[in-house]
Amino acid sequence: MTNIGSYEDRLKNFSWSNAGKELDYCEGDQINIGWYCSDRVCQLGKSEKTALIWEGRGDEVRRYSYNDIRLLSNTFGAFLRGLGVTDGDRVCLFMDKIPELYIGLVGILKIGAIAQPLFSAFGDESLFIRLENAGTRAIITQRKHASKIQKILDQLPNLEFIIVVDDDGKKPPKPKEILFRLDQAEPVEQIDIFPAKAETASILHYTSGTTGQPKGVKHVHSSLISQYITAKWVLDLRDDDIYWCTADPGWVTGTSYGIIAPFAMGITQCVMDIGFSAEAWYRFIEKHRITMWYSAPTAIRSLMKAGDEVVRQFDLSSLRHLASVGEPLNAEAVVWSDRMFGKPFYDTYWQTETGSIMISNFPGMKVKPGSMGRPFPGLTAAILDPDTFEPIHEVNKPGLIAFRHDWPARMRTYWNNEETFQKKFRNGWYLTGDRSTIDKDGYYWFIGRDDDVINTGGHLVSPFEVESALLEHPAVAESAVVAKPDQVNMEVVKAFVTLNPGFKADDELELDIMNFIRKKLSPLAMPQEIEYMDRLPKTRSGKIMRRVLHAQEWGEEIGDISTLEND
Amino acid sequence: MPEINELKEVILKYVINEYAEEDYNLTYDSPLISSGLIDSFSMVSLKRFLEVKYKISIPDDKATPEAFDNVTTIANLVLNYL
C-alpha cells in the first residue's frame, strides 16, 4: 500500500487545508519551518531517532538524533542572534554538504531570518551577484571557500559577518570573519522561536533566466505544507525509511526535499559529501540500507554508463522506491533502473519557483517511461497555447506548462525584481517556461524549454550570464552561448566567440577561457566547447541570433532567417 | 617523451593551482574526483589541459572518473597516448 493510495480519489477529495491539518496547522497559526523540523519531531516522541547520517571524505561518519538537530539548531540560532542577526535578515549558507549546512538552515529559520543557500562551487562573480542582490547580512561558510568572499568583500557593504564553521583557529581571522565551531559550542536548550506566519519569508533561492541577472526566488514558511504532503505522497516517505536525497542544498531540491520535508516528517536521512563514483554510491546504499532514493537523471545516466557489472557487486535489496528530478528522465533510464534495481525511477517535475513537486509519476500508478506523470492533487495545471495563453484541450498538442498560482509552496516574488515576477503570469496562469504535451490519459510529456536557458545536469545556466562573463576575458570581443546536446548531462554549455585583435584562436586560449569562466561563475557554467568565429549571426539591428547557433548544434531547421544580417 | 614522475609533478602542480582552493595537502595519490575536489564538469577542463599540454587526444570513453581520480592514474592515462 502506498501513502497516496488512489490518485483518482485524492484528486476528488484533496484540500490544502487538510494537508495543513496533518501538520496540526490551521490557517492563521504560526508555522515556523525550523520548529517543525526539530522541536515538533521531538515533541512527537522521536527525540532519540536518528535524523541525519553524514559521510564525508576518509570514511568520516557523523550521526545526529532529532534531539541533536533541535539543540544544535538552537545553538546556531542563538549564535546568530548574539551577533544581532534578526528576522528578515538574509543569511547565506555557502558550504559543501556538511552537517552545519543542514543544521544551520534550521537554525536560521528558527530565528526568522531568511536562509539563502548557494552552491559552494560558485565562483566569486556568481557569488557577488547573488549576495549583492539579496543584501545579505551574514554568510556561513568553510575555510576553503572563504577566500572567494574576501575577494568581493569590498563591494558588499551589507555583508557584516563571515562565519567560518571549520577553522582550526591557528591563523588569525580575515576581515569580518568570525570563527564558530558548532561541535565546540555550548548547546542551547531553549530559544525563542520566531512566530513565523504563513507568509513570512523563509528561503531565497537563486535561479537563472535567459536574460538579466539571476533571480532570487522568495519562498515562505507555509511552503512546508506542500513540501510535506508531496514528500509523503510522491516520494512515499514513511517512518521507517532510510532516505537519501542526492541533491545539494545549494539548489532547491536539496532544501525542499533534502532538509525541510524529511526533517519535518521525522525521517532518517543520509547525506554523502564526497564526489561521484558509481561504486561509492552503491556502497553507500548498501551500507546504510537506503530504502528511498531521490536522485537526478544525470546521476542515473552516469550510473548506467558505469555498467551493469558494478551494480551486481552490491546488495541493493533495501531499495523500496526511487524517484528522479532536475531534467526529463529518459525512457531508457526508467527501463534500466527497473532491470537493475527491480523498480523504475519515478520522474518528478517542478522548479525553483514552484517550491515543491508539481507533476509526477505517483507510487502505485502506472509509469509510462519517458513521461513526467500527472499533476499533483490540488493543483490546476494546463498546457497553454503560446499565442493566446488559453488552455489547449487537444490531446498530444504541444503547449506551455502552466499552473494556477495557488499552492502553498509557490514563489511569492523575485527578490527586488517584482517586474520580472509579474511577467511570469498570463491570464492568471503561472508560466513555467517549459513545453509539453498531454496524452489521452492525462500524462504530461516534456518537450523542452520555451527559452534559451541551459539545463545542464539538472541545473539551469543563463546564457546571458555566461556571455557577459566571457566578455570580461581580454581575448573575447563578442560571445553567444547555447546548449549543446550531451549524453550524460542532457545539455552542456557551448560558447561561440569572436576575438579581439592580437589574440590567436588556438587550444591554449580555449582552455584559458574555459578556466576563466569556471572560476568566475562555476564549473556548471564553464563552456565545454568554444568555437571561434569570424562573426556571430546577428539580426540587422545587431542582436545576436542564438537560435541559429542552437539549431546548428541540435541539427534542427534554422527557421526564419529573414532578419539575419547579410554581408 | 616525459617520464612518469615528471608527468605527475606537472599534473599535481596544475591541479593545486587550478582546483584546490585553500590549504590542500595534495599528493600524487590524493583522490580528486571521488573526494569532490574536482567535479565532472571541471574534469573536462583538466582533460583539455592534458590534451593541450601534451598534444594528445584522450577518447571520451577513457576519460572516466576512475581514470581521473588521482594524479598517478591520470599520468598513467596520459602515458598511453604519448
# chains A, B, ... in the order shown; residues from 1 in each chain; ligands from 1
call {"tool": "interface_residues", "arguments": {"of": "chain A", "to": "chain B", "cutoff": "6 Å", "atoms": "only C-alpha atoms", "output": "PDB file with N, CA and C atoms, in the first residue's frame"}}
result
ATOM      1  N   LYS A 144      37.784  26.714   3.260  1.00  0.00           N
ATOM      2  CA  LYS A 144      38.233  26.563   1.877  1.00  0.00           C
ATOM      3  C   LYS A 144      37.458  27.438   0.888  1.00  0.00           C
ATOM      4  N   ILE A 274      30.866  13.396  -0.700  1.00  0.00           N
ATOM      5  CA  ILE A 274      32.073  13.145  -1.486  1.00  0.00           C
ATOM      6  C   ILE A 274      31.665  13.135  -2.949  1.00  0.00           C
ATOM      7  N   GLY A 275      32.654  13.128  -3.834  1.00  0.00           N
ATOM      8  CA  GLY A 275      32.353  13.201  -5.256  1.00  0.00           C
ATOM      9  C   GLY A 275      31.682  11.937  -5.773  1.00  0.00           C
ATOM     10  N   PHE A 276      31.266  12.037  -7.026  1.00  0.00           N
ATOM     11  CA  PHE A 276      30.515  10.931  -7.611  1.00  0.00           C
ATOM     12  C   PHE A 276      31.428   9.792  -8.069  1.00  0.00           C
ATOM     13  N   PRO A 523      31.774  25.659 -12.289  1.00  0.00           N
ATOM     14  CA  PRO A 523      32.083  24.589 -13.248  1.00  0.00           C
ATOM     15  C   PRO A 523      30.900  24.287 -14.173  1.00  0.00           C
TER      16      PRO A 523
END
call {"tool": "select_by_dssp", "arguments": {"residues": "chain B", "states": "helix (DSSP H, G or I)", "output": "PyMOL selection string"}}
result
chain B and resi 4-18+40-54+60-62+71-81
call {"tool": "residues_around", "arguments": {"residues": "Leu11 of chain A", "least_positions_apart": "5", "cutoff": "10 Å", "atoms": "only C-alpha atoms", "output": "list in words"}}
result
Ser6, Pro375, Phe376, Pro377, Gly378 and Leu379 of chain A
call {"tool": "residues_around", "arguments": {"residues": "Glu6 of chain B", "least_positions_apart": "3", "cutoff": "12 Å", "atoms": "only C-alpha atoms", "output": "PyMOL selection string"}}
result
chain B and resi 1-3+9-13+28+71-72+75-76+78-79
call {"tool": "atom_distance", "arguments": {"atom1": "atom CA of Asp29 of chain A", "atom2": "atom CA of Ile357 of chain A"}}
result
24.1 Å
call {"tool": "closest_residue", "arguments": {"among": "A:Ala19, A:Leu71, A:Ile558, A:Leu549", "to": "Cys42 of chain A", "atoms": "only C-alpha atoms"}}
result
A:Leu71
call {"tool": "residues_around", "arguments": {"residues": "Trp429 of chain A", "least_positions_apart": "4", "cutoff": "10 Å", "atoms": "only C-alpha atoms", "output": "list in words"}}
result
Thr380, Ala381, Ala382, Leu384, Phe389, Glu390, Pro391, Ile401, Ala402, Phe403, Arg404, His405, Asp406, Lys424 and Phe425 of chain A
call {"tool": "select_by_dssp", "arguments": {"residues": "segment 243-403 of chain A", "states": "strand (DSSP E or B)", "output": "PDB file with N, CA and C atoms, in the first residue's frame"}}
result
ATOM      1  N   TYR A 243      16.353   7.435   4.025  1.00  0.00           N
ATOM      2  CA  TYR A 243      16.144   8.243   2.823  1.00  0.00           C
ATOM      3  C   TYR A 243      17.448   8.877   2.387  1.00  0.00           C
ATOM      4  N   TRP A 244      17.651   8.911   1.059  1.00  0.00           N
ATOM      5  CA  TRP A 244      18.832   9.582   0.517  1.00  0.00           C
ATOM      6  C   TRP A 244      18.421  10.485  -0.639  1.00  0.00           C
ATOM      7  N   CYS A 245      18.516  11.771  -0.417  1.00  0.00           N
ATOM      8  CA  CYS A 245      18.300  12.762  -1.471  1.00  0.00           C
ATOM      9  C   CYS A 245      19.698  13.218  -1.890  1.00  0.00           C
ATOM     10  N   THR A 268      14.657   9.363   8.916  1.00  0.00           N
ATOM     11  CA  THR A 268      16.120   9.245   8.976  1.00  0.00           C
ATOM     12  C   THR A 268      16.662   9.446   7.572  1.00  0.00           C
ATOM     13  N   GLN A 269      17.563  10.422   7.423  1.00  0.00           N
ATOM     14  CA  GLN A 269      18.129  10.611   6.093  1.00  0.00           C
ATOM     15  C   GLN A 269      19.650  10.530   6.120  1.00  0.00           C
ATOM     16  N   CYS A 270      20.210  10.144   4.979  1.00  0.00           N
ATOM     17  CA  CYS A 270      21.659  10.011   4.833  1.00  0.00           C
ATOM     18  C   CYS A 270      22.162  11.047   3.838  1.00  0.00           C
ATOM     19  N   VAL A 271      23.345  11.541   4.100  1.00  0.00           N
ATOM     20  CA  VAL A 271      23.971  12.517   3.202  1.00  0.00           C
ATOM     21  C   VAL A 271      25.400  12.065   2.942  1.00  0.00           C
ATOM     22  N   MET A 272      25.782  12.093   1.674  1.00  0.00           N
ATOM     23  CA  MET A 272      27.156  11.729   1.317  1.00  0.00           C
ATOM     24  C   MET A 272      27.834  12.955   0.718  1.00  0.00           C
ATOM     25  N   MET A 292      14.611   4.711   0.350  1.00  0.00           N
ATOM     26  CA  MET A 292      14.044   5.659  -0.619  1.00  0.00           C
ATOM     27  C   MET A 292      15.169   6.541  -1.152  1.00  0.00           C
ATOM     28  N   TRP A 293      15.272   6.599  -2.467  1.00  0.00           N
ATOM     29  CA  TRP A 293      16.404   7.255  -3.121  1.00  0.00           C
ATOM     30  C   TRP A 293      15.863   8.273  -4.120  1.00  0.00           C
ATOM     31  N   TYR A 294      16.180   9.543  -3.880  1.00  0.00           N
ATOM     32  CA  TYR A 294      15.705  10.623  -4.761  1.00  0.00           C
ATOM     33  C   TYR A 294      16.927  11.219  -5.436  1.00  0.00           C
ATOM     34  N   SER A 295      17.025  11.033  -6.749  1.00  0.00           N
ATOM     35  CA  SER A 295      18.234  11.461  -7.433  1.00  0.00           C
ATOM     36  C   SER A 295      17.900  12.214  -8.716  1.00  0.00           C
ATOM     37  N   HIS A 321      11.788   2.427  -3.065  1.00  0.00           N
ATOM     38  CA  HIS A 321      11.171   3.373  -4.002  1.00  0.00           C
ATOM     39  C   HIS A 321      12.243   4.330  -4.519  1.00  0.00           C
ATOM     40  N   LEU A 322      12.178   4.647  -5.823  1.00  0.00           N
ATOM     41  CA  LEU A 322      13.171   5.522  -6.446  1.00  0.00           C
ATOM     42  C   LEU A 322      12.458   6.663  -7.172  1.00  0.00           C
ATOM     43  N   ALA A 323      13.023   7.855  -7.087  1.00  0.00           N
ATOM     44  CA  ALA A 323      12.438   8.985  -7.816  1.00  0.00           C
ATOM     45  C   ALA A 323      13.556   9.870  -8.349  1.00  0.00           C
ATOM     46  N   SER A 324      13.196  10.682  -9.323  1.00  0.00           N
ATOM     47  CA  SER A 324      14.199  11.482 -10.028  1.00  0.00           C
ATOM     48  C   SER A 324      13.667  12.887 -10.276  1.00  0.00           C
ATOM     49  N   PHE A 345      12.721   4.284 -11.758  1.00  0.00           N
ATOM     50  CA  PHE A 345      12.769   5.630 -11.191  1.00  0.00           C
ATOM     51  C   PHE A 345      11.478   6.342 -11.594  1.00  0.00           C
ATOM     52  N   TYR A 346      10.842   6.966 -10.624  1.00  0.00           N
ATOM     53  CA  TYR A 346       9.628   7.737 -10.890  1.00  0.00           C
ATOM     54  C   TYR A 346      10.031   9.185 -11.134  1.00  0.00           C
ATOM     55  N   ASP A 347       9.729   9.688 -12.317  1.00  0.00           N
ATOM     56  CA  ASP A 347      10.116  11.067 -12.639  1.00  0.00           C
ATOM     57  C   ASP A 347       9.224  12.054 -11.897  1.00  0.00           C
ATOM     58  N   THR A 348       9.834  13.139 -11.441  1.00  0.00           N
ATOM     59  CA  THR A 348       9.058  14.220 -10.825  1.00  0.00           C
ATOM     60  C   THR A 348       9.463  15.528 -11.494  1.00  0.00           C
ATOM     61  N   TYR A 349       8.531  16.422 -11.625  1.00  0.00           N
ATOM     62  CA  TYR A 349       8.785  17.694 -12.309  1.00  0.00           C
ATOM     63  C   TYR A 349       8.384  18.855 -11.407  1.00  0.00           C
ATOM     64  N   ILE A 359       4.323  17.918 -11.001  1.00  0.00           N
ATOM     65  CA  ILE A 359       3.844  16.833 -11.866  1.00  0.00           C
ATOM     66  C   ILE A 359       4.734  15.639 -11.578  1.00  0.00           C
ATOM     67  N   SER A 360       4.116  14.470 -11.462  1.00  0.00           N
ATOM     68  CA  SER A 360       4.978  13.325 -11.167  1.00  0.00           C
ATOM     69  C   SER A 360       4.278  12.010 -11.482  1.00  0.00           C
ATOM     70  N   GLY A 373       4.517  12.283 -15.905  1.00  0.00           N
ATOM     71  CA  GLY A 373       3.469  11.856 -14.992  1.00  0.00           C
ATOM     72  C   GLY A 373       2.277  12.790 -15.020  1.00  0.00           C
ATOM     73  N   ARG A 374       1.604  12.913 -13.876  1.00  0.00           N
ATOM     74  CA  ARG A 374       0.365  13.705 -13.819  1.00  0.00           C
ATOM     75  C   ARG A 374       0.455  14.750 -12.697  1.00  0.00           C
ATOM     76  N   PRO A 375      -0.355  15.801 -12.790  1.00  0.00           N
ATOM     77  CA  PRO A 375      -0.261  16.880 -11.789  1.00  0.00           C
ATOM     78  C   PRO A 375      -0.616  16.407 -10.379  1.00  0.00           C
ATOM     79  N   ALA A 381      -3.436  22.501 -13.370  1.00  0.00           N
ATOM     80  CA  ALA A 381      -2.367  22.537 -14.368  1.00  0.00           C
ATOM     81  C   ALA A 381      -2.975  22.558 -15.753  1.00  0.00           C
ATOM     82  N   ALA A 382      -2.222  23.098 -16.709  1.00  0.00           N
ATOM     83  CA  ALA A 382      -2.705  23.125 -18.088  1.00  0.00           C
ATOM     84  C   ALA A 382      -1.539  23.283 -19.047  1.00  0.00           C
ATOM     85  N   ILE A 383      -1.848  23.006 -20.287  1.00  0.00           N
ATOM     86  CA  ILE A 383      -0.934  23.312 -21.380  1.00  0.00           C
ATOM     87  C   ILE A 383      -1.578  24.474 -22.122  1.00  0.00           C
ATOM     88  N   LEU A 384      -0.835  25.567 -22.241  1.00  0.00           N
ATOM     89  CA  LEU A 384      -1.416  26.768 -22.850  1.00  0.00           C
ATOM     90  C   LEU A 384      -0.942  26.970 -24.279  1.00  0.00           C
ATOM     91  N   PRO A 391      -5.916  27.513 -22.301  1.00  0.00           N
ATOM     92  CA  PRO A 391      -5.627  26.073 -22.226  1.00  0.00           C
ATOM     93  C   PRO A 391      -5.915  25.335 -23.535  1.00  0.00           C
ATOM     94  N   GLY A 399       2.264  22.672 -25.949  1.00  0.00           N
ATOM     95  CA  GLY A 399       1.932  23.983 -25.394  1.00  0.00           C
ATOM     96  C   GLY A 399       2.810  24.281 -24.188  1.00  0.00           C
ATOM     97  N   LEU A 400       2.517  25.395 -23.542  1.00  0.00           N
ATOM     98  CA  LEU A 400       3.320  25.839 -22.395  1.00  0.00           C
ATOM     99  C   LEU A 400       2.753  25.253 -21.102  1.00  0.00           C
ATOM    100  N   ILE A 401       3.606  24.689 -20.280  1.00  0.00           N
ATOM    101  CA  ILE A 401       3.136  24.156 -18.996  1.00  0.00           C
ATOM    102  C   ILE A 401       2.853  25.335 -18.063  1.00  0.00           C
ATOM    103  N   ALA A 402       1.648  25.335 -17.504  1.00  0.00           N
ATOM    104  CA  ALA A 402       1.258  26.454 -16.634  1.00  0.00           C
ATOM    105  C   ALA A 402       0.417  25.943 -15.459  1.00  0.00           C
ATOM    106  N   PHE A 403       0.406  26.745 -14.397  1.00  0.00           N
ATOM    107  CA  PHE A 403      -0.376  26.385 -13.203  1.00  0.00           C
ATOM    108  C   PHE A 403      -1.101  27.618 -12.687  1.00  0.00           C
TER     109      PHE A 403
END
